[in-house]
Amino acid sequence: MAGSSRCRGKRHTFKEWVTVAACALALSSCADESYQVAAMEASDGGDQKAAISLARKEVARFTGPDQCSRATPLNCGTLALAYGTLASYQILDRDKAGGEESFTGAKEALRLTDPGIRASATGVVYRDVSEAYWKIGDRARAIDVFKDGRSAGADMYLYMSSAARAVDPQPANPQSVNPQPANPQQADPEEPNLQRTVRYWGTGAPPQ
C-alpha cells in the first residue's frame, strides 16, 4: 500500500471516501493505510477473489481481544467496516453464505462499537451489504438488509443505497439522522462520484 500521501489532499470518489472510514473510526491519522483501498480496486477490476483475500487480511488486523472486545472496544468500528466490506465482496462473488457469515461478524462488532460512531458505522456496513445484493440481482434481500439497517439505527449513509431509493428515498424523520462523524455536507445518493477530502472524515472540520 502507499503511504500517507494518498490520504492528504486527494479528492476521492464517494466509494473511495467510504472505504477510508476505517481510518476515521479507528481514530488514526491515516498514515498506516489498510488493505481496503487495494481490495476496492481489485473488486472494481472484477477480481472479487483478490478483493476477498485482501479484505480477509484487513479483518485479521482488527480481530482479537486487544483490538475489539468489551474491555478494548476502540477498533470495533473499524472491524465492523472490515467485515462489512468482506461480506460485500463475497456476495458479489456469489458466495452468499460466506457473505452472511461475514455480515454477522460485522453486526457483532457493531454491538461493541462506541455509541458515538455506531450509527455511522452501521450505515456504512448495512449499505455495503445491501448494495452488493442489489448488484447481483437479489433485490429482495437488498431491501431486507436496508430495512434491518434502518431498525438498527443506521445514519444517513444507509439512504445512499439503491434499496433505499426504491423503498424509502428519505428518512422518515431527517432530524433524527445524525451524520456525525462523517458530515458529508448534503451528500446526494444519486451522485456516484461525490467528491470529499478524505483527511477531514470524522474530524468535523469542513474541507478547504
# chains A, B, ... in the order shown; residues from 1 in each chain; ligands from 1
call {"tool": "residues_around", "arguments": {"residues": "region 84-100 of chain A", "least_positions_apart": "2", "cutoff": "6 Å", "atoms": "only C-alpha atoms", "output": "list of chain:residue names"}}
result
A:Gln48, A:Ile52, A:Ala55, A:Leu81, A:Ala82, A:Ser102, A:Phe103, A:Ala106, A:Val125, A:Asp128, A:Val129, A:Ala132
call {"tool": "select_by_dssp", "arguments": {"residues": "region 14-128 of chain A", "states": "helix (DSSP H, G or I)", "output": "PyMOL selection string"}}
result
chain A and resi 14-19+21-25+36-44+48-61+76-92+96-112+115-128
call {"tool": "residues_around", "arguments": {"residues": "Lys147 (chain A)", "least_positions_apart": "5", "cutoff": "9 Å", "atoms": "only C-alpha atoms", "output": "list in words"}}
result
Ala142, Ala152, Ala163, Ala164 and Val167 of chain A
call {"tool": "write_last_selection", "arguments": {"atoms": "all heavy atoms", "output": "mmCIF file, in the first residue's frame"}}
result
data_model
loop_
_atom_site.group_PDB
_atom_site.id
_atom_site.type_symbol
_atom_site.label_atom_id
_atom_site.label_comp_id
_atom_site.auth_asym_id
_atom_site.auth_seq_id
_atom_site.Cartn_x
_atom_site.Cartn_y
_atom_site.Cartn_z
ATOM 1 N N ALA A 142 -31.622 -7.311 -0.631
ATOM 2 C CA ALA A 142 -31.081 -5.957 -0.506
ATOM 3 C C ALA A 142 -32.029 -5.063 0.277
ATOM 4 O O ALA A 142 -31.611 -4.293 1.156
ATOM 5 C CB ALA A 142 -30.822 -5.365 -1.888
ATOM 6 N N ALA A 152 -31.715 -0.890 12.962
ATOM 7 C CA ALA A 152 -30.529 -0.947 13.808
ATOM 8 C C ALA A 152 -29.977 0.435 14.147
ATOM 9 O O ALA A 152 -28.983 0.545 14.867
ATOM 10 C CB ALA A 152 -29.443 -1.784 13.130
ATOM 11 N N ALA A 163 -31.394 0.220 -2.600
ATOM 12 C CA ALA A 163 -32.611 -0.274 -1.948
ATOM 13 C C ALA A 163 -33.350 0.859 -1.255
ATOM 14 O O ALA A 163 -34.587 0.904 -1.269
ATOM 15 C CB ALA A 163 -32.255 -1.372 -0.938
ATOM 16 N N ALA A 164 -32.614 1.777 -0.675
ATOM 17 C CA ALA A 164 -33.244 2.910 -0.002
ATOM 18 C C ALA A 164 -34.023 3.748 -0.992
ATOM 19 O O ALA A 164 -35.138 4.184 -0.712
ATOM 20 C CB ALA A 164 -32.188 3.754 0.701
ATOM 21 N N VAL A 167 -37.225 1.962 -1.801
ATOM 22 C CA VAL A 167 -38.203 1.758 -0.735
ATOM 23 C C VAL A 167 -38.558 3.031 0.000
ATOM 24 O O VAL A 167 -39.719 3.315 0.253
ATOM 25 C CB VAL A 167 -37.664 0.732 0.291
ATOM 26 C CG1 VAL A 167 -38.609 0.585 1.476
ATOM 27 C CG2 VAL A 167 -37.432 -0.605 -0.373
#
call {"tool": "closest_residue", "arguments": {"among": "A:Ser53, A:Asp47, A:Thr113, A:Gln36", "to": "Arg70 (chain A)", "atoms": "only C-alpha atoms"}}
result
A:Thr113
call {"tool": "decode", "arguments": {"residues": "region 96-114 of chain A", "atoms": "N, CA and C atoms", "output": "mmCIF file, in the first residue's frame"}}
result
data_model
loop_
_atom_site.group_PDB
_atom_site.id
_atom_site.type_symbol
_atom_site.label_atom_id
_atom_site.label_comp_id
_atom_site.auth_asym_id
_atom_site.auth_seq_id
_atom_site.Cartn_x
_atom_site.Cartn_y
_atom_site.Cartn_z
ATOM 1 N N LYS A 96 -23.053 -16.226 -1.112
ATOM 2 C CA LYS A 96 -23.983 -15.604 -0.183
ATOM 3 C C LYS A 96 -23.806 -16.128 1.236
ATOM 4 N N ALA A 97 -23.537 -17.417 1.376
ATOM 5 C CA ALA A 97 -23.354 -17.998 2.715
ATOM 6 C C ALA A 97 -22.161 -17.345 3.414
ATOM 7 N N GLY A 98 -21.051 -17.219 2.672
ATOM 8 C CA GLY A 98 -19.874 -16.566 3.241
ATOM 9 C C GLY A 98 -20.155 -15.108 3.556
ATOM 10 N N GLY A 99 -20.890 -14.448 2.670
ATOM 11 C CA GLY A 99 -21.234 -13.052 2.888
ATOM 12 C C GLY A 99 -22.071 -12.857 4.139
ATOM 13 N N GLU A 100 -23.027 -13.747 4.337
ATOM 14 C CA GLU A 100 -23.875 -13.632 5.529
ATOM 15 C C GLU A 100 -23.084 -13.907 6.806
ATOM 16 N N GLU A 101 -22.124 -14.818 6.724
ATOM 17 C CA GLU A 101 -21.283 -15.095 7.885
ATOM 18 C C GLU A 101 -20.449 -13.865 8.253
ATOM 19 N N SER A 102 -19.879 -13.225 7.245
ATOM 20 C CA SER A 102 -19.092 -12.011 7.499
ATOM 21 C C SER A 102 -19.991 -10.877 7.981
ATOM 22 N N PHE A 103 -21.185 -10.804 7.445
ATOM 23 C CA PHE A 103 -22.150 -9.787 7.865
ATOM 24 C C PHE A 103 -22.490 -9.972 9.349
ATOM 25 N N THR A 104 -22.623 -11.219 9.766
ATOM 26 C CA THR A 104 -22.859 -11.500 11.184
ATOM 27 C C THR A 104 -21.696 -11.013 12.030
ATOM 28 N N GLY A 105 -20.468 -11.226 11.536
ATOM 29 C CA GLY A 105 -19.290 -10.724 12.249
ATOM 30 C C GLY A 105 -19.329 -9.212 12.369
ATOM 31 N N ALA A 106 -19.771 -8.538 11.312
ATOM 32 C CA ALA A 106 -19.878 -7.081 11.341
ATOM 33 C C ALA A 106 -20.886 -6.636 12.389
ATOM 34 N N LYS A 107 -22.018 -7.313 12.441
ATOM 35 C CA LYS A 107 -23.048 -6.938 13.408
ATOM 36 C C LYS A 107 -22.579 -7.165 14.835
ATOM 37 N N GLU A 108 -21.821 -8.222 15.063
ATOM 38 C CA GLU A 108 -21.277 -8.471 16.406
ATOM 39 C C GLU A 108 -20.306 -7.361 16.805
ATOM 40 N N ALA A 109 -19.478 -6.924 15.857
ATOM 41 C CA ALA A 109 -18.545 -5.830 16.146
ATOM 42 C C ALA A 109 -19.291 -4.527 16.377
ATOM 43 N N LEU A 110 -20.370 -4.309 15.638
ATOM 44 C CA LEU A 110 -21.155 -3.092 15.818
ATOM 45 C C LEU A 110 -21.748 -2.997 17.218
ATOM 46 N N ARG A 111 -22.116 -4.136 17.776
ATOM 47 C CA ARG A 111 -22.690 -4.121 19.123
ATOM 48 C C ARG A 111 -21.678 -3.623 20.158
ATOM 49 N N LEU A 112 -20.382 -3.761 19.855
ATOM 50 C CA LEU A 112 -19.339 -3.322 20.775
ATOM 51 C C LEU A 112 -18.755 -1.963 20.402
ATOM 52 N N THR A 113 -19.222 -1.403 19.294
ATOM 53 C CA THR A 113 -18.693 -0.132 18.806
ATOM 54 C C THR A 113 -19.147 1.022 19.688
ATOM 55 N N ASP A 114 -18.266 1.981 19.857
ATOM 56 C CA ASP A 114 -18.581 3.173 20.648
ATOM 57 C C ASP A 114 -19.883 3.788 20.155
#
